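What's in protein.cif: mmCIF, C-alpha atoms (C1' of nucleotides)
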data_work
#
loop_
_atom_site.label_atom_id
_atom_site.label_comp_id
_atom_site.auth_asym_id
_atom_site.auth_seq_id
_atom_site.Cartn_x
_atom_site.Cartn_y
_atom_site.Cartn_z
CA MET Y 1 -31.33 68.55 32.07
CA ALA Y 2 -32.45 69.64 28.76
CA LEU Y 3 -33.20 66.55 26.78
CA GLY Y 4 -36.59 66.51 28.35
CA VAL Y 5 -35.42 68.60 31.16
CA ASP Y 6 -36.46 66.76 34.26
CA TYR Y 7 -35.85 63.38 35.71
CA ALA Y 8 -39.39 63.79 37.00
CA ALA Y 9 -39.91 62.26 40.39
CA GLN Y 10 -36.24 61.57 41.01
CA GLN Y 11 -35.31 62.95 44.40
CA CYS Y 12 -31.82 61.51 44.29
CA SER Y 13 -29.00 64.04 44.40
CA VAL Y 14 -27.37 62.43 41.40
CA ALA Y 15 -30.51 63.10 39.37
CA ARG Y 16 -30.76 66.64 40.77
CA THR Y 17 -27.22 67.34 39.70
CA LEU Y 18 -27.79 65.91 36.26
CA GLU Y 19 -30.80 68.16 35.84
CA VAL Y 20 -28.35 71.06 36.00
CA VAL Y 21 -25.28 69.70 34.25
CA GLY Y 22 -26.57 66.61 32.47
CA SER Y 23 -27.46 68.18 29.15
CA ARG Y 24 -25.28 67.75 26.16
CA TRP Y 25 -22.38 70.25 26.16
CA THR Y 26 -23.08 71.57 29.65
CA LEU Y 27 -20.21 69.86 31.40
CA LEU Y 28 -17.85 70.65 28.54
CA ILE Y 29 -18.76 74.31 28.91
CA VAL Y 30 -18.03 74.09 32.62
CA ARG Y 31 -14.74 72.33 31.93
CA ASP Y 32 -13.73 75.11 29.55
CA CYS Y 33 -14.59 77.68 32.20
CA PHE Y 34 -12.13 75.96 34.54
CA PHE Y 35 -9.57 76.15 31.74
CA GLY Y 36 -10.05 79.90 31.48
CA VAL Y 37 -12.33 80.13 28.47
CA ARG Y 38 -14.81 82.88 29.33
CA ARG Y 39 -16.23 84.36 26.16
CA PHE Y 40 -19.10 83.27 23.96
CA SER Y 41 -17.04 83.22 20.80
CA ASP Y 42 -14.16 81.38 22.44
CA LEU Y 43 -16.43 78.69 23.80
CA ARG Y 44 -18.00 78.36 20.41
CA GLU Y 45 -14.66 78.10 18.66
CA HIS Y 46 -13.27 75.56 21.08
CA LEU Y 47 -16.34 73.36 21.44
CA GLY Y 48 -17.84 73.54 17.98
CA VAL Y 49 -21.30 73.82 19.49
CA SER Y 50 -24.04 75.69 17.65
CA ARG Y 51 -24.74 79.28 18.61
CA ALA Y 52 -28.29 78.60 19.65
CA VAL Y 53 -27.39 75.73 21.94
CA LEU Y 54 -24.47 77.60 23.48
CA ALA Y 55 -26.65 80.61 24.19
CA GLU Y 56 -29.31 78.40 25.75
CA ARG Y 57 -26.83 76.48 27.89
CA LEU Y 58 -25.12 79.63 29.15
CA ALA Y 59 -28.45 81.21 30.02
CA GLN Y 60 -29.47 78.06 31.87
CA LEU Y 61 -26.19 77.85 33.75
CA VAL Y 62 -26.54 81.49 34.78
CA ASP Y 63 -30.10 80.78 35.84
CA ASP Y 64 -28.93 77.85 37.93
CA GLY Y 65 -26.23 79.93 39.57
CA VAL Y 66 -23.33 78.00 38.12
CA LEU Y 67 -22.05 80.91 36.03
CA VAL Y 68 -22.33 84.70 36.22
CA ARG Y 69 -22.42 86.94 33.20
CA VAL Y 70 -20.01 89.83 33.59
CA PRO Y 71 -19.16 92.62 31.17
CA SER Y 72 -15.47 92.47 30.40
CA GLY Y 73 -13.81 95.01 28.16
CA GLY Y 74 -17.05 95.99 26.49
CA ARG Y 75 -17.81 92.34 25.79
CA GLU Y 76 -19.56 89.69 27.80
CA ALA Y 77 -17.83 87.01 29.79
CA TYR Y 78 -18.95 84.12 31.94
CA ASP Y 79 -17.32 83.25 35.23
CA LEU Y 80 -17.83 80.29 37.51
CA THR Y 81 -19.60 81.08 40.76
CA ALA Y 82 -18.83 79.29 44.02
CA LYS Y 83 -21.51 76.80 43.04
CA GLY Y 84 -19.80 76.33 39.68
CA LEU Y 85 -16.36 75.96 41.25
CA ALA Y 86 -17.81 73.20 43.40
CA LEU Y 87 -18.18 71.16 40.23
CA TRP Y 88 -14.41 70.73 40.07
CA PRO Y 89 -14.54 67.25 41.64
CA VAL Y 90 -17.05 66.21 38.99
CA VAL Y 91 -14.77 67.36 36.21
CA VAL Y 92 -11.81 65.66 37.87
CA ALA Y 93 -13.70 62.38 38.21
CA LEU Y 94 -14.74 62.38 34.57
CA LEU Y 95 -11.23 63.31 33.51
CA ALA Y 96 -9.69 60.53 35.57
CA TRP Y 97 -11.99 57.90 34.13
CA GLY Y 98 -11.31 59.03 30.58
CA ASP Y 99 -7.58 59.04 31.22
CA GLU Y 100 -7.73 55.55 32.62
CA PHE Y 101 -9.85 53.91 29.95
CA SER Y 102 -9.76 56.07 26.82
CA ALA Y 103 -6.25 57.47 26.68
CA PRO Y 104 -3.84 54.75 25.50
CA ASP Y 105 -0.98 57.24 25.13
CA GLY Y 106 -1.51 58.61 28.61
CA PRO Y 107 -3.32 61.73 29.77
CA ARG Y 108 -3.59 64.60 27.37
CA ARG Y 109 -3.27 67.10 30.16
CA LEU Y 110 -1.46 66.90 33.47
CA PHE Y 111 -2.37 68.87 36.57
CA SER Y 112 -0.10 69.91 39.36
CA HIS Y 113 -0.39 71.72 42.66
CA ALA Y 114 0.95 75.20 41.96
CA ALA Y 115 2.08 75.69 45.55
CA CYS Y 116 4.45 72.71 45.59
CA GLY Y 117 4.75 71.61 41.97
CA THR Y 118 3.59 68.05 42.69
CA ASP Y 119 1.37 66.34 40.15
CA LEU Y 120 -2.14 65.67 41.37
CA ASP Y 121 -3.38 62.12 41.70
CA ARG Y 122 -6.43 60.75 39.96
CA ALA Y 123 -8.71 62.03 42.71
CA GLY Y 124 -7.41 65.56 42.24
CA ALA Y 125 -5.46 65.50 45.50
CA CYS Y 126 -1.86 66.56 45.99
CA PRO Y 127 0.10 63.52 47.24
CA ALA Y 128 2.74 65.74 48.82
CA CYS Y 129 0.39 68.00 50.76
CA GLY Y 130 -2.34 65.46 51.40
CA THR Y 131 -5.02 67.98 50.42
CA SER Y 132 -7.23 68.55 47.41
CA PRO Y 133 -6.18 71.97 46.17
CA SER Y 134 -8.77 74.43 44.95
CA PRO Y 135 -8.75 74.81 41.17
CA TYR Y 136 -7.21 78.24 41.69
CA ASP Y 137 -4.09 76.47 42.94
CA VAL Y 138 -3.85 74.03 40.07
CA GLU Y 139 -1.60 74.31 37.07
CA MET Y 140 -2.28 72.55 33.78
CA ARG Y 141 0.21 71.42 31.12
CA PRO Y 142 0.19 69.07 28.13
CA GLY Y 143 0.73 65.40 28.96
CA PRO Y 144 2.07 62.43 26.99
CA GLY Y 145 -1.25 61.87 25.23
CA SER Y 146 -1.27 65.38 23.80
CA ARG Y 147 -1.12 65.60 20.06
CA GLY Y 148 -0.73 69.32 19.81
CA PRO Y 149 -3.55 71.81 19.47
CA GLN Y 150 -6.66 70.03 18.30
CA GLY Y 151 -7.79 72.91 16.15
CA PRO Y 152 -6.34 75.98 14.52
CA GLY Y 153 -7.98 78.40 16.93
CA LYS Y 154 -6.31 80.60 19.48
CA VAL Y 155 -8.15 78.88 22.29
CA SER Y 156 -6.77 75.46 21.44
CA ALA Y 157 -3.33 76.98 21.17
CA ALA Y 158 -3.61 78.74 24.51
CA LEU Y 159 -4.66 75.50 26.20
CA GLN Y 160 -1.40 73.89 25.06
CA GLU Y 161 0.58 76.25 27.25
CA ARG Y 162 1.37 75.56 30.85
CA ARG Y 163 -1.14 77.73 32.64
CA ARG Y 164 -3.03 78.26 35.84
CA LEU Y 165 -6.64 77.10 35.91
CA LEU Y 166 -9.32 79.79 35.83
CA GLU Y 167 -6.86 82.33 34.46
CA SER Y 168 -8.63 84.15 31.65
CA ILE Y 169 -7.42 83.29 28.18
CA MET R 170 -23.05 59.92 23.92
CA ALA R 171 -26.25 59.40 22.26
CA LEU R 172 -27.72 62.83 21.65
CA GLY R 173 -25.72 63.01 18.47
CA VAL R 174 -23.28 60.55 19.73
CA ASP R 175 -19.89 62.12 19.40
CA TYR R 176 -18.22 65.24 20.63
CA ALA R 177 -16.45 65.03 17.28
CA ALA R 178 -12.88 66.25 17.43
CA GLN R 179 -12.79 66.43 21.21
CA GLN R 180 -9.74 64.55 22.44
CA CYS R 181 -10.23 65.62 26.01
CA SER R 182 -10.78 62.85 28.51
CA VAL R 183 -13.82 64.61 29.89
CA ALA R 184 -15.41 64.50 26.44
CA ARG R 185 -14.35 60.88 25.98
CA THR R 186 -16.00 59.94 29.24
CA LEU R 187 -19.16 61.82 28.36
CA GLU R 188 -19.35 59.95 25.09
CA VAL R 189 -19.85 56.82 27.18
CA VAL R 190 -21.90 58.05 30.12
CA GLY R 191 -23.15 61.45 28.96
CA SER R 192 -26.45 60.38 27.47
CA ARG R 193 -29.67 60.94 29.26
CA TRP R 194 -30.34 58.18 31.84
CA THR R 195 -26.95 56.53 31.45
CA LEU R 196 -25.47 57.72 34.72
CA LEU R 197 -28.70 57.02 36.55
CA ILE R 198 -28.57 53.46 35.28
CA VAL R 199 -25.00 53.18 36.52
CA ARG R 200 -26.01 54.66 39.87
CA ASP R 201 -28.77 52.09 40.22
CA CYS R 202 -26.30 49.33 39.42
CA PHE R 203 -24.18 50.50 42.37
CA PHE R 204 -27.33 50.37 44.48
CA GLY R 205 -27.89 46.73 43.55
CA VAL R 206 -30.52 47.11 40.85
CA ARG R 207 -29.59 44.54 38.22
CA ARG R 208 -32.64 43.60 36.20
CA PHE R 209 -34.27 45.25 33.20
CA SER R 210 -37.68 45.43 34.81
CA ASP R 211 -36.31 46.75 38.09
CA LEU R 212 -34.38 49.51 36.37
CA ARG R 213 -37.45 50.38 34.41
CA GLU R 214 -39.64 50.48 37.48
CA HIS R 215 -37.20 52.58 39.48
CA LEU R 216 -36.16 55.03 36.76
CA GLY R 217 -39.39 55.39 34.80
CA VAL R 218 -37.43 55.30 31.56
CA SER R 219 -39.02 53.95 28.40
CA ARG R 220 -38.31 50.35 27.43
CA ALA R 221 -36.70 51.30 24.15
CA VAL R 222 -34.27 53.77 25.69
CA LEU R 223 -33.38 51.43 28.54
CA ALA R 224 -32.67 48.60 26.13
CA GLU R 225 -30.51 50.85 23.98
CA ARG R 226 -28.58 52.27 26.94
CA LEU R 227 -27.92 48.85 28.43
CA ALA R 228 -26.72 47.51 25.08
CA GLN R 229 -24.43 50.51 24.69
CA LEU R 230 -23.05 50.17 28.21
CA VAL R 231 -22.36 46.48 27.59
CA ASP R 232 -20.68 47.41 24.30
CA ASP R 233 -18.54 49.96 26.09
CA GLY R 234 -17.52 47.43 28.73
CA VAL R 235 -19.20 49.23 31.61
CA LEU R 236 -21.72 46.44 32.24
CA VAL R 237 -21.86 42.72 31.55
CA ARG R 238 -25.04 40.88 30.78
CA VAL R 239 -25.30 37.72 32.86
CA PRO R 240 -28.11 35.16 33.01
CA SER R 241 -29.44 35.00 36.52
CA GLY R 242 -32.15 32.55 37.46
CA GLY R 243 -33.37 32.19 33.90
CA ARG R 244 -33.59 35.95 33.56
CA GLU R 245 -31.08 38.50 32.48
CA ALA R 246 -29.09 40.73 34.80
CA TYR R 247 -26.53 43.45 34.34
CA ASP R 248 -23.44 43.73 36.51
CA LEU R 249 -20.84 46.45 36.65
CA THR R 250 -17.45 45.47 35.28
CA ALA R 251 -14.19 46.79 36.68
CA LYS R 252 -14.51 49.64 34.20
CA GLY R 253 -18.01 50.32 35.48
CA LEU R 254 -16.96 50.15 39.11
CA ALA R 255 -14.34 52.78 38.31
CA LEU R 256 -17.22 55.19 37.75
CA TRP R 257 -17.89 55.25 41.50
CA PRO R 258 -15.98 58.52 41.99
CA VAL R 259 -18.10 60.12 39.28
CA VAL R 260 -21.30 59.07 41.00
CA VAL R 261 -19.94 60.26 44.35
CA ALA R 262 -18.98 63.65 42.92
CA LEU R 263 -22.41 64.19 41.39
CA LEU R 264 -24.07 63.03 44.59
CA ALA R 265 -22.00 65.38 46.71
CA TRP R 266 -22.79 68.38 44.55
CA GLY R 267 -26.49 67.62 44.60
CA ASP R 268 -26.43 67.13 48.36
CA GLU R 269 -24.68 70.46 48.80
CA PHE R 270 -26.84 72.59 46.56
CA SER R 271 -30.14 70.82 45.99
CA ALA R 272 -30.92 69.08 49.24
CA PRO R 273 -32.16 71.66 51.78
CA ASP R 274 -33.20 68.95 54.21
CA GLY R 275 -29.84 67.25 54.00
CA PRO R 276 -28.74 64.21 52.04
CA ARG R 277 -31.37 61.68 51.10
CA ARG R 278 -28.91 58.85 51.52
CA LEU R 279 -25.91 58.47 53.76
CA PHE R 280 -22.93 56.26 53.07
CA SER R 281 -20.63 54.66 55.57
CA HIS R 282 -17.51 52.53 55.52
CA ALA R 283 -18.74 49.04 56.33
CA ALA R 284 -15.43 48.02 57.89
CA CYS R 285 -15.44 50.71 60.57
CA GLY R 286 -18.93 52.20 60.48
CA THR R 287 -17.71 55.74 59.87
CA ASP R 288 -19.70 57.95 57.54
CA LEU R 289 -17.91 58.82 54.33
CA ASP R 290 -17.06 62.42 53.58
CA ARG R 291 -18.17 64.30 50.49
CA ALA R 292 -15.25 62.95 48.48
CA GLY R 293 -16.27 59.38 49.28
CA ALA R 294 -13.35 58.87 51.64
CA CYS R 295 -13.48 57.38 55.14
CA PRO R 296 -12.26 60.04 57.59
CA ALA R 297 -11.31 57.40 60.15
CA CYS R 298 -9.29 55.16 57.83
CA GLY R 299 -7.99 57.86 55.52
CA THR R 300 -8.82 55.77 52.46
CA SER R 301 -11.51 55.80 49.81
CA PRO R 302 -13.23 52.47 50.29
CA SER R 303 -14.28 50.44 47.28
CA PRO R 304 -18.05 50.52 46.74
CA TYR R 305 -18.12 46.90 47.91
CA ASP R 306 -17.19 48.17 51.35
CA VAL R 307 -19.79 50.89 51.50
CA GLU R 308 -23.11 50.75 53.27
CA MET R 309 -26.06 52.94 52.35
CA ARG R 310 -28.92 54.12 54.54
CA PRO R 311 -31.63 56.80 54.43
CA GLY R 312 -30.52 60.26 55.49
CA PRO R 313 -32.36 63.29 56.89
CA GLY R 314 -33.54 64.37 53.43
CA SER R 315 -35.30 61.08 52.84
CA ARG R 316 -39.03 61.28 52.45
CA GLY R 317 -39.69 57.58 52.37
CA PRO R 318 -39.87 55.46 49.26
CA GLN R 319 -40.39 57.70 46.25
CA GLY R 320 -42.59 55.19 44.50
CA PRO R 321 -44.72 52.22 45.36
CA GLY R 322 -42.36 49.71 43.76
CA LYS R 323 -40.35 47.05 45.51
CA VAL R 324 -37.12 48.61 44.27
CA SER R 325 -37.82 51.96 45.91
CA ALA R 326 -38.75 50.12 49.09
CA ALA R 327 -35.60 48.03 49.06
CA LEU R 328 -33.45 51.14 48.64
CA GLN R 329 -34.89 52.54 51.88
CA GLU R 330 -33.27 49.74 53.84
CA ARG R 331 -29.79 49.93 55.20
CA ARG R 332 -27.87 47.84 52.69
CA ARG R 333 -24.48 47.15 51.22
CA LEU R 334 -23.77 48.66 47.82
CA LEU R 335 -23.71 46.28 44.86
CA GLU R 336 -25.67 43.68 46.78
CA SER R 337 -28.34 42.38 44.45
CA ILE R 338 -31.87 43.49 45.26
"C1'" DC F 339 -19.82 110.49 10.59
"C1'" DA F 340 -20.32 106.51 6.67
"C1'" DG F 341 -19.04 101.91 6.11
"C1'" DG F 342 -17.31 97.67 7.66
"C1'" DT F 343 -16.16 94.21 11.26
"C1'" DT F 344 -16.66 91.75 15.51
"C1'" DC F 345 -19.45 90.14 18.97
"C1'" DG F 346 -23.37 87.97 21.08
"C1'" DG F 347 -27.14 86.49 20.17
"C1'" DT F 348 -32.16 84.97 17.87
"C1'" DC F 349 -34.83 82.60 14.12
"C1'" DT F 350 -35.73 78.87 10.90
"C1'" DG F 351 -36.12 74.47 8.70
"C1'" DG F 352 -34.58 69.80 8.81
"C1'" DT F 353 -32.95 65.73 11.30
"C1'" DC F 354 -32.50 62.74 14.99
"C1'" DA F 355 -33.25 61.22 19.83
"C1'" DC F 356 -36.61 60.44 23.17
"C1'" DC F 357 -41.30 59.24 24.59
"C1'" DG F 358 -45.53 56.21 25.52
"C1'" DA F 359 -47.98 52.49 23.84
"C1'" DA F 360 -48.53 48.35 21.34
"C1'" DC F 361 -46.61 44.11 19.92
"C1'" DC F 362 -43.61 39.67 20.21
"C1'" DG F 363 -40.80 35.58 21.44
"C1'" DT F 364 -39.06 33.13 25.43
"C1'" DT F 365 -39.34 31.44 30.01
"C1'" DG F 366 -41.40 30.02 34.06
"C1'" DT F 367 -46.06 28.68 36.70
"C1'" DG F 368 -50.65 26.78 37.79
"C1'" DC C 369 -51.86 23.41 28.09
"C1'" DA C 370 -53.29 28.42 29.42
"C1'" DC C 371 -51.36 32.28 31.32
"C1'" DA C 372 -48.41 35.66 33.10
"C1'" DA C 373 -43.91 37.79 33.60
"C1'" DC C 374 -39.83 39.12 31.45
"C1'" DG C 375 -36.88 41.34 28.11
"C1'" DG C 376 -36.96 43.28 24.61
"C1'" DT C 377 -38.46 45.46 19.43
"C1'" DT C 378 -41.47 48.32 16.56
"C1'" DC C 379 -44.11 52.41 15.69
"C1'" DG C 380 -45.99 57.20 15.43
"C1'" DG C 381 -45.61 61.70 17.66
"C1'" DT C 382 -43.01 65.26 19.97
"C1'" DG C 383 -39.29 67.87 21.11
"C1'" DA C 384 -34.13 68.75 21.30
"C1'" DC C 385 -30.23 69.57 18.49
"C1'" DC C 386 -27.91 71.14 14.33
"C1'" DA C 387 -26.10 74.32 10.56
"C1'" DG C 388 -26.90 78.40 8.56
"C1'" DA C 389 -29.21 82.87 7.92
"C1'" DC C 390 -30.32 86.95 10.05
"C1'" DC C 391 -29.96 91.01 13.40
"C1'" DG C 392 -28.81 94.86 16.68
"C1'" DA C 393 -25.15 96.96 19.32
"C1'" DA C 394 -20.37 98.26 19.91
"C1'" DC C 395 -16.14 99.34 17.96
"C1'" DC C 396 -12.72 100.52 14.42
"C1'" DT C 397 -11.22 103.08 10.28
"C1'" DG C 398 -10.86 106.66 7.41
#
Please express what this file holds, its structure, as structure tokens.
Amino acid sequence: MALGVDYAAQQCSVARTLEVVGSRWTLLIVRDCFFGVRRFSDLREHLGVSRAVLAERLAQLVDDGVLVRVPSGGREAYDLTAKGLALWPVVVALLAWGDEFSAPDGPRRLFSHAACGTDLDRAGACPACGTSPSPYDVEMRPGPGSRGPQGPGKVSAALQERRRLLESI
Amino acid sequence: MALGVDYAAQQCSVARTLEVVGSRWTLLIVRDCFFGVRRFSDLREHLGVSRAVLAERLAQLVDDGVLVRVPSGGREAYDLTAKGLALWPVVVALLAWGDEFSAPDGPRRLFSHAACGTDLDRAGACPACGTSPSPYDVEMRPGPGSRGPQGPGKVSAALQERRRLLESI
DNA sequence: CAGGTTCGGTCTGGTCACCGAACCGTTGTG
DNA sequence: CACAACGGTTCGGTGACCAGACCGAACCTG
């Protein structure tokens, strides 16, 4: 991780993972990528992170093979790679814990299996199908804990719509 | 999180969770608690974190209800609360990702369901029973990626033994 | 093509978190 | 009682993070 980038002698896989995604903002950037935020300015608007840090994190994530930088309509965009998509269970686990202990009004977002419409359980699995759908097959919509868009920006507004994960905003 | 503790306006559960466990070392401390490390000096020996930071993190985790401080044989110890135990899926998800992408020799540790002896899958579920066992019912042992104790300390040595999770070292 | 705007960054100066090392009070132990 | 181990706290030094200024390239706009 940044923050004194290495957990030195740690061989443990948890530490190895945190070296990649353990820095401040990194996992929130990854989360936003799952939500379809792909552009520098959109990430900046939605996260409120400083330009310098965002640039550094994106470069690091590209370096680590979590994201790829792709030109898109004359501008740059960042897409999750297979390695990045594999972080979905991490995001789900963090989300579930936050929903359970820090969301008194209930989840702010709900996720459902697009194929069958069933809401996912806390582990990210579809109770009806008995499988854990890929994020491509997951739909997101506001939940009871939602208090409307959190900011005035177009990204916050877009994330209030029912939408498919990974679909570009 | 420390590191400029708050993700400000972020209402998202992922951000809320990271405010609690997103600081450097925090999740490694929690991981060690699952492994049975309970004492200040043992955590320090195993993690190599500075005294000041460890003290601050432990105090914060107790404040946040993830750990409880309990006297144990005249000394202090830290135990996971129910809220802390609920972080098991987060640790499992990070572990799985690290095993998949940063462990060329295979996992350093393997986990099995104590009740039936079956190895857990990447999601932390028991393929034989079809359930995700509580960490109390999980046994840990060295895997193919293990290169022996990573340090000379008694904690590193103890973690090379086959042992039940959460069992005090 | 001149002038302005948007985008995706880099640079800078200040602040705050992290680090190693030293210090300190309490609790066993010989 | 001397002494060590434990669980911290305190203290400079270093480096990460922040907001804000600056900058080059691409794209309108007239």
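Residue-level contacts from chain Y to chain R at 6 Å, counting all atoms listed in the file, read Ser13, Val14, Arg16, Thr17, Pro89, Val90, Ala93, Leu94, Leu95, Gly98 and Asp99 of chain Y.
Excluding C:DC391 itself and any same-chain residue fewer than 6 positions from it, the protein and nucleic acid residues within 10 Å of it, counting only C-alpha atoms (C1' of nucleotides), are DG347, DT348 and DC349 of chain F.
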Considering all atoms listed in the file, give me a table of residues in chain Y that are at most 10 Å from chain F, with the closest atom pair and distance in Å for each, as a Markdown table.
| residue | atom | partner | partner_atom | distance |
| --- | --- | --- | --- | --- |
| Y:Leu3 | CA | F:DC356 | C1' | 7.9 |
| Y:Gly4 | CA | F:DC356 | C1' | 8.0 |
| Y:Arg39 | CA | F:DG346 | C1' | 9.5 |
| Y:Phe40 | CA | F:DG346 | C1' | 7.0 |
| Y:Ser41 | CA | F:DC345 | C1' | 7.6 |
| Y:Arg51 | CA | F:DG347 | C1' | 7.8 |
| Y:Ala52 | CA | F:DT348 | C1' | 7.7 |
| Y:Leu54 | CA | F:DG347 | C1' | 9.9 |
| Y:Ala55 | CA | F:DG347 | C1' | 7.1 |
| Y:Gly74 | CA | F:DC345 | C1' | 9.8 |
| Y:Arg75 | CA | F:DC345 | C1' | 7.4 |
| Y:Glu76 | CA | F:DG346 | C1' | 7.9 |
For the residues selected in the previous step, produce a file with C-alpha atoms as an mmCIF file, keeping the file's coordinate frame.
data_model
loop_
_atom_site.group_PDB
_atom_site.id
_atom_site.type_symbol
_atom_site.label_atom_id
_atom_site.label_comp_id
_atom_site.auth_asym_id
_atom_site.auth_seq_id
_atom_site.Cartn_x
_atom_site.Cartn_y
_atom_site.Cartn_z
ATOM 1 C CA LEU Y 3 -33.200 66.550 26.780
ATOM 2 C CA GLY Y 4 -36.590 66.510 28.350
ATOM 3 C CA ARG Y 39 -16.230 84.360 26.160
ATOM 4 C CA PHE Y 40 -19.100 83.270 23.960
ATOM 5 C CA SER Y 41 -17.040 83.220 20.800
ATOM 6 C CA ARG Y 51 -24.740 79.280 18.610
ATOM 7 C CA ALA Y 52 -28.290 78.600 19.650
ATOM 8 C CA LEU Y 54 -24.470 77.600 23.480
ATOM 9 C CA ALA Y 55 -26.650 80.610 24.190
ATOM 10 C CA GLY Y 74 -17.050 95.990 26.490
ATOM 11 C CA ARG Y 75 -17.810 92.340 25.790
ATOM 12 C CA GLU Y 76 -19.560 89.690 27.800
#
Distance-based interface of chain C with chain R, 12 Å, counting all atoms listed in the file, as JSON, numbers by chain: {"C": [373, 374, 375, 376, 377, 378, 379, 384, 385, 386]}
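Closest approach to Y:Glu139 from the set Y:Ala157, Y:Leu110, Y:Ala125, Y:Leu58 is made by Y:Leu110, with distances taken over all atoms listed in the file.
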Measure the distance from atom CA of R:Glu214 to atom CA of R:Ala246 in Å and round it to one decimal. 14.6 Å
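Atom CA of Y:Val155 is positioned 21.4 Å from atom CA of Y:Leu61.
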Enclose the full set of atoms of stretch 347-366 of chain F listed in the file within a box whose edges lie along x, y and z, apply 5 Å of padding to each of the six sides, and report centre and edge lengths in Å to one decimal as JSON.
{"center_x": -37.8, "center_y": 58.3, "center_z": 21.4, "size_x": 31.4, "size_y": 66.5, "size_z": 35.4}
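Neighbouring residues of R:Tyr305 at 10 Å or closer, counting only C-alpha atoms (C1' of nucleotides) and skipping chain neighbours under 6 positions away, are Phe203, Leu254, His282, Ala283, Arg333, Leu334, Leu335 and Glu336 of chain R.
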Separating atom CA of R:Gly275 from atom CA of R:Arg291, to the nearest tenth of an Å, is a gap of 12.5 Å
